[in-house]
Every structure is written in C-alpha cells, then in structure tokens.
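Structure below is input-v7.csv: CSV, C-alpha atoms.
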```
chain,number,residue,atom,x,y,z
V,1,MET,CA,2.9,-8.6,-0.3
V,2,ARG,CA,4.7,-11.8,-1.1
V,3,SER,CA,6.1,-10.2,-4.3
V,4,ALA,CA,7.5,-7.2,-2.3
V,5,GLN,CA,9.0,-9.6,0.3
V,6,ALA,CA,10.7,-11.5,-2.5
V,7,ALA,CA,12.1,-8.3,-4.0
V,8,LEU,CA,13.5,-7.3,-0.6
V,9,ALA,CA,15.1,-10.7,-0.1
V,10,GLN,CA,16.7,-10.4,-3.6
V,11,ALA,CA,18.0,-6.8,-2.8
V,12,ARG,CA,19.5,-8.0,0.4
V,13,ALA,CA,21.2,-10.9,-1.3
V,14,LEU,CA,22.7,-8.6,-3.9
V,15,ARG,CA,23.9,-6.2,-1.1
V,16,ASP,CA,25.7,-9.2,0.6
V,17,VAL,CA,27.3,-10.0,-2.8
V,18,GLU,CA,28.7,-6.5,-3.1
V,19,ASN,CA,29.9,-6.5,0.5
V,20,ALA,CA,31.7,-9.8,0.0
V,21,ASN,CA,33.6,-8.3,-3.0
V,22,LEU,CA,35.3,-5.9,-0.7
V,23,GLY,CA,37.5,-8.6,0.9
V,24,PRO,CA,39.9,-11.2,-0.5
V,25,ASN,CA,38.8,-14.4,-2.2
V,26,LEU,CA,40.3,-17.7,-1.1
V,27,GLY,CA,39.9,-21.0,-3.0
V,28,ALA,CA,41.4,-24.5,-3.2
V,29,SER,CA,42.1,-26.5,-6.3
V,30,ALA,CA,43.5,-30.0,-7.1
V,31,SER,CA,44.5,-31.6,-10.4
V,32,ALA,CA,45.7,-34.9,-11.7
V,33,GLN,CA,47.6,-35.3,-15.0
V,34,ARG,CA,48.8,-38.4,-16.9
V,35,SER,CA,50.9,-37.9,-20.0
V,36,LYS,CA,53.0,-39.9,-22.5
V,37,THR,CA,55.7,-38.7,-25.0
V,38,GLY,CA,56.9,-41.0,-27.7
V,39,ASP,CA,58.2,-44.4,-26.5
V,40,ALA,CA,58.9,-43.1,-23.0
V,41,PRO,CA,56.8,-44.6,-20.3
V,42,SER,CA,53.7,-42.6,-19.2
V,43,GLY,CA,54.0,-40.4,-16.2
V,44,SER,CA,51.6,-38.8,-13.7
V,45,ARG,CA,51.6,-35.5,-11.8
V,46,TYR,CA,49.3,-34.5,-9.0
V,47,GLN,CA,48.9,-31.0,-7.6
V,48,ALA,CA,46.9,-29.4,-4.8
V,49,SER,CA,47.0,-25.7,-3.9
V,50,PHE,CA,45.3,-22.8,-2.1
V,51,ASP,CA,44.7,-19.7,-4.2
V,52,ALA,CA,44.0,-16.2,-3.0
V,53,SER,CA,43.3,-13.0,-4.8
V,54,TRP,CA,42.5,-9.4,-3.7
V,55,GLU,CA,41.7,-6.2,-5.6
V,56,PRO,CA,42.5,-3.3,-3.3
V,57,ASP,CA,39.8,-0.7,-3.5
V,58,VAL,CA,42.2,2.2,-3.9
V,59,PHE,CA,39.7,4.7,-5.5
V,60,GLY,CA,36.6,3.6,-3.7
V,61,GLY,CA,34.7,2.0,-6.6
V,62,LYS,CA,33.8,-1.2,-4.8
V,63,ARG,CA,32.8,0.7,-1.7
V,64,ALA,CA,30.5,2.9,-3.8
V,65,ASP,CA,29.1,-0.2,-5.4
V,66,ALA,CA,28.4,-1.7,-1.9
V,67,SER,CA,26.8,1.6,-0.8
V,68,ALA,CA,24.5,1.6,-3.8
V,69,ALA,CA,23.5,-2.0,-3.1
V,70,GLU,CA,22.8,-1.1,0.5
V,71,ALA,CA,20.6,1.9,-0.5
V,72,GLU,CA,18.7,-0.3,-3.0
V,73,ALA,CA,18.1,-2.8,-0.2
V,74,GLN,CA,16.8,-0.1,2.0
V,75,ALA,CA,14.6,1.1,-0.9
V,76,SER,CA,13.2,-2.4,-1.3
V,77,GLN,CA,12.5,-2.5,2.4
V,78,ALA,CA,10.6,0.8,2.2
V,79,SER,CA,8.7,-0.5,-0.8
V,80,LEU,CA,7.6,-3.5,1.3
V,81,ALA,CA,6.4,-1.0,4.0
V,82,ASN,CA,4.6,1.0,1.3
V,83,THR,CA,2.8,-2.1,0.1
V,84,GLN,CA,1.9,-3.0,3.7
V,85,VAL,CA,0.5,0.5,4.3
V,86,SER,CA,-1.4,0.5,1.0
V,87,VAL,CA,-3.0,-2.9,1.5
V,88,ALA,CA,-3.9,-2.1,5.1
V,89,ALA,CA,-5.5,1.2,4.1
V,90,GLU,CA,-7.4,-0.5,1.2
V,91,VAL,CA,-8.7,-3.2,3.6
V,92,ALA,CA,-9.8,-0.6,6.1
V,93,VAL,CA,-11.5,1.7,3.6
V,94,THR,CA,-13.3,-1.3,2.0
V,95,TYR,CA,-14.5,-2.5,5.4
V,96,VAL,CA,-15.8,1.0,6.2
V,97,GLN,CA,-17.6,1.1,2.8
V,98,LEU,CA,-19.2,-2.3,3.5
V,99,ARG,CA,-20.5,-1.2,6.9
V,100,GLY,CA,-21.8,2.1,5.4
V,101,LEU,CA,-23.6,0.2,2.6
V,102,GLN,CA,-25.1,-2.2,5.2
V,103,THR,CA,-26.3,0.8,7.2
V,104,ARG,CA,-27.9,2.4,4.1
V,105,LEU,CA,-29.6,-0.9,3.3
V,106,ASP,CA,-31.0,-1.1,6.8
V,107,ILE,CA,-32.3,2.5,6.4
V,108,ALA,CA,-33.9,1.7,3.1
V,109,ARG,CA,-35.7,-1.3,4.5
V,110,ARG,CA,-36.9,0.6,7.6
V,111,ASN,CA,-38.2,3.4,5.4
V,112,LEU,CA,-39.9,0.9,3.1
V,113,ALA,CA,-41.7,-0.6,6.0
V,114,THR,CA,-42.9,2.8,7.0
V,115,GLN,CA,-44.0,3.6,3.5
V,116,GLN,CA,-45.9,0.3,3.2
V,117,GLU,CA,-47.8,1.2,6.4
V,118,THR,CA,-48.6,4.6,4.9
V,119,LEU,CA,-49.7,2.9,1.7
V,120,GLN,CA,-52.1,0.7,3.6
V,121,ILE,CA,-53.5,3.7,5.5
V,122,THR,CA,-54.0,5.6,2.2
V,123,ASP,CA,-55.7,2.6,0.7
V,124,TRP,CA,-58.2,2.5,3.6
V,125,ARG,CA,-58.8,6.2,3.4
V,126,VAL,CA,-59.5,5.9,-0.4
V,127,GLN,CA,-61.9,3.1,0.2
V,128,ALA,CA,-63.7,5.1,2.9
V,129,GLY,CA,-63.9,8.1,0.5
V,130,LEU,CA,-61.6,10.2,2.6
V,131,ASP,CA,-58.9,10.5,0.0
V,132,THR,CA,-58.4,10.4,-3.7
V,133,SER,CA,-56.9,7.7,-5.9
V,134,LEU,CA,-54.1,10.2,-6.7
V,135,ALA,CA,-52.9,9.9,-3.1
V,136,LEU,CA,-52.9,6.2,-3.4
V,137,SER,CA,-50.9,6.3,-6.7
V,138,GLN,CA,-48.4,8.6,-5.1
V,139,ALA,CA,-48.0,6.4,-2.1
V,140,ARG,CA,-47.5,3.3,-4.3
V,141,THR,CA,-44.9,5.2,-6.4
V,142,ALA,CA,-42.9,6.3,-3.4
V,143,THR,CA,-43.0,2.7,-2.0
V,144,GLU,CA,-41.8,1.1,-5.2
V,145,GLN,CA,-39.1,3.7,-5.6
V,146,THR,CA,-37.7,2.9,-2.2
V,147,ARG,CA,-38.1,-0.9,-2.9
V,148,ALA,CA,-36.1,-0.4,-6.1
V,149,GLN,CA,-33.1,0.9,-4.1
V,150,ILE,CA,-32.8,-2.2,-2.0
V,151,PRO,CA,-31.6,-4.6,-4.8
V,152,SER,CA,-29.0,-2.1,-5.8
V,153,LEU,CA,-27.7,-1.7,-2.3
V,154,GLU,CA,-27.7,-5.5,-1.8
V,155,THR,CA,-25.6,-5.9,-4.9
V,156,SER,CA,-23.1,-3.2,-3.7
V,157,VAL,CA,-22.9,-5.0,-0.3
V,158,ALA,CA,-22.2,-8.3,-1.9
V,159,GLN,CA,-19.6,-6.9,-4.3
V,160,THR,CA,-17.8,-5.0,-1.4
V,161,GLU,CA,-17.8,-8.3,0.6
V,162,HIS,CA,-16.1,-10.0,-2.4
V,163,ALA,CA,-13.5,-7.2,-2.7
V,164,LEU,CA,-12.7,-7.3,1.0
V,165,ALA,CA,-12.3,-11.1,0.9
V,166,VAL,CA,-9.9,-10.9,-2.1
V,167,LEU,CA,-7.9,-8.1,-0.4
V,168,THR,CA,-7.3,-10.5,2.5
V,169,GLY,CA,-6.2,-13.3,0.1
V,170,GLN,CA,-9.4,-15.4,0.4
V,171,PRO,CA,-12.1,-16.5,-2.1
V,172,PRO,CA,-14.8,-13.9,-2.9
V,173,THR,CA,-17.5,-15.5,-0.8
V,174,ALA,CA,-15.3,-16.4,2.2
V,175,LEU,CA,-16.5,-13.4,4.3
V,176,ARG,CA,-20.2,-13.7,3.6
V,177,GLU,CA,-21.1,-15.4,6.9
V,178,PRO,CA,-18.7,-13.5,9.2
V,179,LEU,CA,-19.8,-10.1,7.9
V,180,ALA,CA,-23.5,-10.9,7.4
V,181,GLN,CA,-24.5,-9.2,10.6
V,182,ALA,CA,-24.6,-5.4,10.1
V,183,VAL,CA,-22.8,-3.2,12.6
V,184,ALA,CA,-22.3,0.5,12.9
V,185,VAL,CA,-19.6,2.2,10.9
V,186,PRO,CA,-16.4,2.4,13.0
V,187,MET,CA,-15.8,6.0,14.0
V,188,PRO,CA,-12.4,7.1,15.5
V,189,SER,CA,-12.0,9.8,18.0
V,190,GLY,CA,-12.5,13.3,16.7
V,191,GLU,CA,-9.1,14.5,18.1
V,192,LEU,CA,-7.0,11.5,17.1
V,193,ALA,CA,-6.2,12.3,13.5
V,194,LEU,CA,-5.6,16.0,13.9
V,195,SER,CA,-3.2,15.5,16.8
V,196,ILE,CA,-0.6,13.7,14.6
V,197,PRO,CA,2.4,16.0,14.1
V,198,ALA,CA,3.4,17.0,10.6
V,199,GLN,CA,6.9,15.4,11.1
V,200,THR,CA,5.4,12.0,10.7
V,201,LEU,CA,5.3,12.7,7.0
V,202,ARG,CA,9.0,11.7,7.0
V,203,GLN,CA,8.0,8.1,7.7
V,204,ARG,CA,6.0,7.7,4.5
V,205,PRO,CA,7.4,4.6,2.8
V,206,ASP,CA,7.3,6.1,-0.7
V,207,VAL,CA,9.3,9.1,0.6
V,208,ARG,CA,11.9,6.8,2.1
V,209,VAL,CA,12.0,4.8,-1.2
V,210,ALA,CA,12.7,8.0,-3.2
V,211,GLU,CA,15.3,9.1,-0.6
V,212,GLN,CA,17.2,5.7,-0.8
V,213,GLN,CA,17.0,5.9,-4.6
V,214,VAL,CA,18.9,9.2,-4.5
V,215,SER,CA,21.5,7.6,-2.3
V,216,ALA,CA,21.9,4.7,-4.6
V,217,ALA,CA,22.2,7.0,-7.6
V,218,LEU,CA,24.9,9.1,-5.9
V,219,SER,CA,26.9,5.9,-5.1
V,220,ARG,CA,26.6,4.8,-8.7
V,221,VAL,CA,28.1,8.1,-9.8
V,222,SER,CA,31.1,7.5,-7.5
V,223,GLN,CA,31.5,3.9,-8.8
V,224,ALA,CA,31.4,5.1,-12.4
V,225,ASP,CA,34.0,7.8,-11.7
V,226,ALA,CA,36.3,5.3,-9.9
V,227,ALA,CA,36.2,3.0,-13.0
V,228,ARG,CA,38.2,5.7,-14.9
V,229,TYR,CA,41.2,5.2,-12.7
V,230,PRO,CA,43.8,2.3,-12.5
V,231,SER,CA,42.8,-0.9,-10.8
V,232,PHE,CA,45.2,-3.2,-8.8
V,233,ASN,CA,45.1,-6.9,-8.2
V,234,LEU,CA,47.1,-9.2,-5.9
V,235,SER,CA,47.0,-12.9,-6.3
V,236,GLY,CA,49.0,-15.9,-5.1
V,237,SER,CA,48.9,-19.6,-4.6
V,238,VAL,CA,50.8,-22.2,-2.5
V,239,GLY,CA,50.5,-25.9,-2.9
V,240,LEU,CA,52.2,-29.3,-3.4
V,241,SER,CA,53.2,-31.1,-6.6
V,242,ALA,CA,54.1,-34.8,-6.7
V,243,LEU,CA,54.4,-37.6,-9.2
V,244,ALA,CA,52.3,-39.9,-7.1
V,245,LEU,CA,49.1,-39.3,-5.2
V,246,SER,CA,50.7,-40.4,-2.0
V,247,GLY,CA,53.4,-37.8,-2.5
V,248,LEU,CA,51.0,-35.0,-1.7
V,249,THR,CA,51.0,-36.1,1.9
V,250,GLY,CA,54.6,-37.4,2.0
V,251,GLY,CA,56.8,-34.5,1.1
V,252,GLY,CA,55.9,-33.4,-2.4
V,253,SER,CA,57.4,-30.4,-4.0
V,254,VAL,CA,56.2,-27.1,-2.6
V,255,VAL,CA,54.9,-24.8,-5.4
V,256,SER,CA,54.2,-21.1,-4.7
V,257,ALA,CA,53.4,-18.0,-6.8
V,258,LEU,CA,52.7,-14.4,-6.2
V,259,LEU,CA,51.4,-12.0,-8.8
V,260,GLY,CA,50.7,-8.3,-8.7
V,261,SER,CA,49.1,-6.5,-11.6
V,262,VAL,CA,47.8,-3.1,-12.5
V,263,SER,CA,45.3,-2.2,-15.2
V,264,VAL,CA,45.1,1.3,-16.6
V,265,PRO,CA,42.4,2.4,-19.0
V,266,LEU,CA,44.2,4.3,-21.8
V,267,PHE,CA,41.6,4.7,-24.6
V,268,ASP,CA,38.0,3.6,-24.6
V,269,GLY,CA,36.5,6.1,-27.0
V,270,GLY,CA,35.1,8.2,-24.1
V,271,ALA,CA,32.9,5.3,-22.8
V,272,ALA,CA,34.0,5.8,-19.1
V,273,LYS,CA,33.2,9.5,-19.2
V,274,ALA,CA,29.9,8.8,-20.9
V,275,GLN,CA,29.1,6.3,-18.2
V,276,VAL,CA,29.8,9.0,-15.5
V,277,ARG,CA,27.5,11.4,-17.4
V,278,SER,CA,24.8,8.7,-17.6
V,279,GLN,CA,24.9,8.1,-13.8
V,280,GLU,CA,24.9,11.8,-13.1
V,281,ALA,CA,21.7,12.1,-15.3
V,282,ALA,CA,20.2,9.2,-13.3
V,283,LEU,CA,21.1,11.0,-10.1
V,284,GLU,CA,19.3,14.2,-11.3
V,285,ASN,CA,16.3,12.1,-12.3
V,286,ALA,CA,16.2,10.5,-8.8
V,287,ARG,CA,16.4,14.0,-7.2
V,288,VAL,CA,13.6,15.3,-9.3
V,289,ASN,CA,11.5,12.2,-8.5
V,290,TYR,CA,12.2,12.7,-4.8
V,291,GLN,CA,10.9,16.3,-5.0
V,292,ALA,CA,7.8,15.1,-6.8
V,293,VAL,CA,7.1,12.4,-4.2
V,294,VAL,CA,7.5,14.9,-1.3
V,295,LEU,CA,5.1,17.4,-3.1
V,296,ASN,CA,2.6,14.6,-3.7
V,297,ALA,CA,2.8,13.5,-0.1
V,298,LEU,CA,2.2,17.0,1.1
V,299,GLN,CA,-0.8,17.3,-1.2
V,300,GLU,CA,-2.3,14.0,0.0
V,301,VAL,CA,-2.0,15.1,3.6
V,302,GLU,CA,-3.6,18.5,2.9
V,303,ASP,CA,-6.4,17.0,0.9
V,304,ALA,CA,-7.1,14.4,3.6
V,305,LEU,CA,-7.2,17.1,6.3
V,306,VAL,CA,-9.5,19.3,4.2
V,307,ALA,CA,-11.9,16.3,3.5
V,308,LEU,CA,-11.8,15.4,7.2
V,309,ARG,CA,-12.8,18.9,8.3
V,310,GLY,CA,-15.5,19.2,5.6
V,311,ASN,CA,-17.1,15.9,6.3
V,312,ARG,CA,-17.0,16.4,10.0
V,313,GLU,CA,-19.0,19.6,9.7
V,314,ARG,CA,-21.3,18.0,7.1
V,315,LEU,CA,-21.9,15.2,9.5
V,316,GLN,CA,-23.0,17.5,12.3
V,317,ARG,CA,-25.4,19.3,10.0
V,318,LEU,CA,-26.9,16.0,8.7
V,319,GLN,CA,-27.3,14.7,12.2
V,320,SER,CA,-29.4,17.7,13.1
V,321,ALA,CA,-31.3,17.4,9.8
V,322,SER,CA,-32.0,13.7,10.4
V,323,GLU,CA,-33.5,14.3,13.8
V,324,SER,CA,-35.7,17.0,12.4
V,325,ALA,CA,-36.7,14.9,9.4
V,326,GLU,CA,-37.6,12.0,11.6
V,327,GLN,CA,-39.8,14.1,13.9
V,328,ALA,CA,-41.4,15.8,10.9
V,329,ALA,CA,-42.2,12.4,9.3
V,330,LEU,CA,-43.7,11.1,12.5
V,331,LEU,CA,-45.9,14.2,13.0
V,332,ALA,CA,-47.0,14.2,9.3
V,333,SER,CA,-48.0,10.5,9.5
V,334,GLN,CA,-50.0,11.0,12.7
V,335,ARG,CA,-51.8,14.1,11.3
V,336,TYR,CA,-52.5,12.4,8.0
V,337,SER,CA,-54.1,9.4,9.9
V,338,SER,CA,-56.3,12.0,11.7
V,339,GLY,CA,-57.2,13.7,8.5
V,340,LEU,CA,-55.5,17.0,9.4
V,341,VAL,CA,-53.0,17.2,6.5
V,342,ASP,CA,-53.2,15.9,2.9
V,343,PHE,CA,-51.0,13.1,1.6
V,344,GLN,CA,-48.6,15.4,-0.1
V,345,VAL,CA,-47.2,16.5,3.2
V,346,VAL,CA,-46.6,12.9,4.2
V,347,LEU,CA,-45.0,12.1,0.9
V,348,GLU,CA,-42.5,15.0,1.2
V,349,THR,CA,-41.6,14.3,4.7
V,350,GLN,CA,-40.9,10.6,4.1
V,351,ARG,CA,-38.8,11.4,1.0
V,352,SER,CA,-36.9,13.9,3.0
V,353,LEU,CA,-36.3,11.4,5.9
V,354,LEU,CA,-35.0,8.7,3.5
V,355,SER,CA,-32.7,11.1,1.7
V,356,THR,CA,-31.4,12.7,4.9
V,357,GLN,CA,-30.7,9.4,6.7
V,358,ASP,CA,-29.1,7.9,3.6
V,359,SER,CA,-26.8,11.0,3.3
V,360,LEU,CA,-26.0,10.7,7.0
V,361,ALA,CA,-24.9,7.1,6.7
V,362,SER,CA,-22.8,7.9,3.6
V,363,THR,CA,-21.1,10.8,5.3
V,364,GLN,CA,-20.4,8.7,8.4
V,365,ALA,CA,-18.7,6.1,6.2
V,366,GLU,CA,-16.8,8.8,4.3
V,367,LEU,CA,-15.6,10.5,7.5
V,368,SER,CA,-14.3,7.2,8.8
V,369,ALA,CA,-12.6,6.5,5.5
V,370,ASP,CA,-11.1,10.0,5.7
V,371,HIS,CA,-9.2,9.0,8.8
V,372,VAL,CA,-7.8,6.0,7.0
V,373,ARG,CA,-6.7,8.1,4.1
V,374,LEU,CA,-5.1,10.6,6.4
V,375,TYR,CA,-3.1,7.9,8.2
V,376,LYS,CA,-2.1,6.5,4.8
V,377,ALA,CA,-1.0,10.0,3.7
V,378,LEU,CA,1.1,10.2,6.9
V,379,GLY,CA,2.8,6.9,6.2
V,380,GLY,CA,0.6,4.6,8.3
V,381,GLY,CA,0.0,6.6,11.5
V,382,TRP,CA,2.3,4.5,13.7
V,383,GLN,CA,6.0,4.6,14.8
V,384,PRO,CA,8.5,2.7,12.6
V,385,GLN,CA,9.0,-0.9,13.8
V,386,GLN,CA,12.2,-2.9,13.8
V,387,ASP,CA,12.5,-5.6,11.2
V,388,ASN,CA,14.4,-8.9,11.6
V,389,GLU,CA,17.7,-7.2,10.9
V,390,GLY,CA,17.2,-4.6,13.6
V,391,LYS,CA,16.5,-1.8,11.2
V,392,PRO,CA,13.5,0.5,11.0
V,393,SER,CA,10.8,-0.9,8.7
```
Go through the file and emit its structure as structure tokens.
Amino acid sequence: MRSAQAALAQARALRDVENANLGPNLGASASAQRSKTGDAPSGSRYQASFDASWEPDVFGGKRADASAAEAEAQASQASLANTQVSVAAEVAVTYVQLRGLQTRLDIARRNLATQQETLQITDWRVQAGLDTSLALSQARTATEQTRAQIPSLETSVAQTEHALAVLTGQPPTALREPLAQAVAVPMPSGELALSIPAQTLRQRPDVRVAEQQVSAALSRVSQADAARYPSFNLSGSVGLSALALSGLTGGGSVVSALLGSVSVPLFDGGAAKAQVRSQEAALENARVNYQAVVLNALQEVEDALVALRGNRERLQRLQSASESAEQAALLASQRYSSGLVDFQVVLETQRSLLSTQDSLASTQAELSADHVRLYKALGGGWQPQQDNEGKPS
C-alpha cells in the first residue's frame, strides 16, 4: 500500500512538472567581475538582471506531454485503488477461511467426544460379553482417526492467523488473542451479491489503469509527431550594469536583450519518424492490453457468479444432509446402547455425520469467500470515492 502511494505521489509530481513546462520561465541572476589588463588599474563590474524564456507550443507537443503525464498519474491512482481492493479482498477471504477452519475444528472435537463415549460403551459391552473385540477395535480406530484430524486443523488455524496478521501489517502472532474465540463464518445476504448491476465492472481499478495507459500512449504518439516540426523559443532579459556595487541601486546602466529563435529538424537519419512508429506500436500494445484486461474482468465476474450459485445450492443440500446425518447418528447410538443394532451401523452413521458437518462448514466458508471474490471482480462492490484532489479514486 505504501509503495503504491509513493508511486502515485511520484506520478503526480511528474505531471506537475509537465504542466509547468507549458508556461514561461522567469529567473533572476547577479554577477560580479574584477579584471586587470597590463599596467592599467584593476576594474570591477556588477550586473543584476531578470531573465525570461518561453517556448510556444505551436504544434501541441508539450500539451501532449502534459496529457500523457496526467493519464499516467490517473493510472497510478487507479493502481493504488487496485492495491486497496486486492488487499481488502485478501484480508476478507483469509478471515473467512480462519473462521471456517475454527468451525471445522470445533466439529472435529465434538465428534471426537461423541466417539469417545461410543468407545466407552463398546468397551463395556465387550466386557459384558455383548459384543466382540472387533467392534472395540473399530470404535478405537474411528476415534483415533478423528483425533488425528485435530492437530492438522489446529496447525491450519494457527497458520491462517499468522497470514491474517501479516496482511494487516502486524507480527504473525499479534492476532492470536483477539481471534482465539471461535465465531460463525460471516454470511452475507443471499440477494446482496446478485443485485449488483453489471455496469459496476467499469469501476474495476485494473480496467481503469489499462484505460489510462491507452490515453497516455495516445498522447505520446502526438508528442512524438510534434517533435518532427519546428520549435520556437523567445527569451529576453533586463537588468542593470555598474562599475560599483552601489551603482546597481543608484542609476547603473540599463541592459536589455530580446532573442527569438527557431529550430527546424532537417536530417536525423529517420530517428523522428522511427520514434513515432515506436509510440504507435506502444499505443497498439496498450489497446491490446486493455482488451485483455476487460476480457479477464468479464471472466472473473462470470466465474464468481457461477461459483456463488453452485456453492449456494450445495450448501442447501448439505444442510439437509447434516440434519439427517445428525438424527441418524443419534438413533443409531441409542439403538446400539439398547442392543438393537450392531456396531457397524453406529460406525457408519458417525463417519457420515463427521464428513457431512465438515463439508457443510467448508462450503459455508467457501460461499462467504465467493461473495468477496465477486465484489473484487466487480472492482470492490462500492461507489467510487473522492480522493484528496477531488477526483474519483
């Protein structure tokens, strides 16, 4: 972010330099000279003058240069906005991933507790001769498999916390305490994303960057073409000249000069025409890049919408499956305790419950991240704001 801000400040300064070149230059100078020739006594001469020069922009070369600098400043401003959107989206997606992993970790721990209870019941039944050691081994296997998932999820949670802290410019462990308490994955409104009009694609910063690059390249072509024609310069000075320093304020001689000049390129080996061709090729490259950026933007929007619709439907199905799996696991556990079903039924229902709940949590996080990706594809999902120069940012 700071790098993009510095690049914008530099581009604006260069734009101001080019704008300043459109007007005349005014300066002041002063000199003191002491000389001696042969046996003659040494003499002094003092001069003070104001100097002015101006190069009329007859063929528009300087105006084109200023236009190119303005377009490049606008492109840098859009690049800053693109960085802002990218960082904000990355922070949001990482936060969603963190909450999703915490939810999955909680699911694994709750299922582990349930499986441990089942393991204890199975152990009692084996000791009472109501079940076989095979059932006990299967119960212990399922319990340890679930237990093995917990360290992996804990590692992912910690690493995601570190990534989120670094994304916000903090040390990796800075968010450990604030984010230790698990909360639900943030879920936006179902109608919010799809109600955004397609015209908001125009506010994507990368599209604006490419557009301004085309404008800058077009101005560079005009500037290179203007360099093939004559240039004019007017300069002049007015000042005082005296033999003593006090004479500059007491009636020294007035010295004035006015000079007009014209410079015409006669032969440069074709360099000026080659420069025009070079800028025209750069313009074509900028146009092609603009088309590619727009096509990529359209693809990102379409991909995000497809993912959003797909995960929304998947979430509905998994919610129904999770409710059924939870009920099935409860009934199987109760009937197993009563000796009405064998342990294989309990094992299958508990595995199905863990898998379904884990998929549900993952899909909830993915659906929330899909909204973020859609807003990023649309350029942020908000109206352009005004920067400190009163221009859209």
Separation of CA of Arg204 (chain V) and CA of Tyr375 (chain V), in Å?
->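 According to the coordinates, CA of Arg204 (chain V) and CA of Tyr375 (chain V) are separated by 9.8 Å.
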For Val96 (chain V), please output as a compact mmCIF listing (two decimals) with C-alpha atoms, in the coordinates of the input all residues within 9 Å (counting only C-alpha atoms; exclusion window: fewer than 5 positions along the same chain).
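After the write, result36.txt holds the following:
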```
# COMPACT_ATOMS: atom_id res chain seq x y z
CA VAL V 91 -8.70 -3.20 3.60
CA LEU V 101 -23.60 0.20 2.60
CA VAL V 185 -19.60 2.20 10.90
CA PRO V 186 -16.40 2.40 13.00
CA ALA V 365 -18.70 6.10 6.20
CA GLU V 366 -16.80 8.80 4.30
CA SER V 368 -14.30 7.20 8.80
CA ALA V 369 -12.60 6.50 5.50
```
Which polymer residues have any atom within 12 Å of an atom of Gln364 (chain V), counting all atoms listed in the file, with same-chain residues fewer than 2 positions away left out, as a ChimeraX atom specification?
-> /V:96-97,99-101,103-104,184-188,308,310-319,357-362,366-371
With a distance cut-off of 8 Å and only C-alpha atoms, select the neighbouring residues of Asp131 (chain V), excluding the residue or stretch itself and same-chain residues fewer than 5 positions from it, and output the selection as a VMD selection string.
-> chain V and resid 122 125 to 126
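By chain and then residue number, the residues within 7 Å of region 299-303 of chain V are V:Leu295, V:Asn296, V:Val306, V:Ala307, V:Leu374, V:Ala377, V:Leu378, counting only C-alpha atoms and disregarding those fewer than 3 positions away in sequence.
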In Å, with one decimal, what is the gap from CA of Ser355 (chain V) to CA of Leu136 (chain V)?
-> 21.4 Å
Minimum-distance residue to Arg147 (chain V), chosen among V:Ala128, V:Leu354, V:Ala6, V:Leu201 (using all atoms listed in the file) = V:Leu354
Selection near Glu55 (chain V), 7 Å with all atoms listed in the file, sequence-local residues under 3 positions removed, as a list in words |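 Selected residues are Phe232, Asn233 and Leu234 of chain V.
The shortest atom-to-atom distance to Ala216 (chain V), with only C-alpha atoms taken into account, belongs to V:Leu283 out of V:Ile121, V:Leu283, V:Ala88, V:Val93.
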In Å, rounded to a single decimal, give me how far CA of Ser29 (chain V) is from CA of Asp57 (chain V).
-> 26.1 Å
Tell me which of V:Arg309, V:Arg15, V:His162, V:Arg228 sits closest to Val276 (chain V), counting only C-alpha atoms.
->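 That would be V:Arg228, the residue with the smallest distance to Val276 (chain V).
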How would you write as an mmCIF file with C-alpha atoms, in the coordinates of the input the residues that get within 12 Å of (45.7, -23.2, -3.9) in the file's frame, counting only C-alpha atoms?
```
data_model
loop_
_atom_site.group_PDB
_atom_site.id
_atom_site.type_symbol
_atom_site.label_atom_id
_atom_site.label_comp_id
_atom_site.auth_asym_id
_atom_site.auth_seq_id
_atom_site.Cartn_x
_atom_site.Cartn_y
_atom_site.Cartn_z
ATOM 1 C CA ASN V 25 38.800 -14.400 -2.200
ATOM 2 C CA LEU V 26 40.300 -17.700 -1.100
ATOM 3 C CA GLY V 27 39.900 -21.000 -3.000
ATOM 4 C CA ALA V 28 41.400 -24.500 -3.200
ATOM 5 C CA SER V 29 42.100 -26.500 -6.300
ATOM 6 C CA ALA V 30 43.500 -30.000 -7.100
ATOM 7 C CA SER V 31 44.500 -31.600 -10.400
ATOM 8 C CA GLN V 47 48.900 -31.000 -7.600
ATOM 9 C CA ALA V 48 46.900 -29.400 -4.800
ATOM 10 C CA SER V 49 47.000 -25.700 -3.900
ATOM 11 C CA PHE V 50 45.300 -22.800 -2.100
ATOM 12 C CA ASP V 51 44.700 -19.700 -4.200
ATOM 13 C CA ALA V 52 44.000 -16.200 -3.000
ATOM 14 C CA SER V 53 43.300 -13.000 -4.800
ATOM 15 C CA SER V 235 47.000 -12.900 -6.300
ATOM 16 C CA GLY V 236 49.000 -15.900 -5.100
ATOM 17 C CA SER V 237 48.900 -19.600 -4.600
ATOM 18 C CA VAL V 238 50.800 -22.200 -2.500
ATOM 19 C CA GLY V 239 50.500 -25.900 -2.900
ATOM 20 C CA LEU V 240 52.200 -29.300 -3.400
ATOM 21 C CA SER V 241 53.200 -31.100 -6.600
ATOM 22 C CA VAL V 254 56.200 -27.100 -2.600
ATOM 23 C CA VAL V 255 54.900 -24.800 -5.400
ATOM 24 C CA SER V 256 54.200 -21.100 -4.700
ATOM 25 C CA ALA V 257 53.400 -18.000 -6.800
ATOM 26 C CA LEU V 258 52.700 -14.400 -6.200
#
```
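With distances restricted to all atoms listed in the file, V:Arg208 is the closest residue to Ser76 (chain V) from V:Arg208, V:Arg202, V:Lys62, V:Arg176.
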So which residues fall inside 10 Å of (-18.8, -10.7, 6.4) if we count only C-alpha atoms? Mind giving them as a PyMOL selection string?
-> chain V and resi 95+98-99+157-158+160-162+164-165+173-182
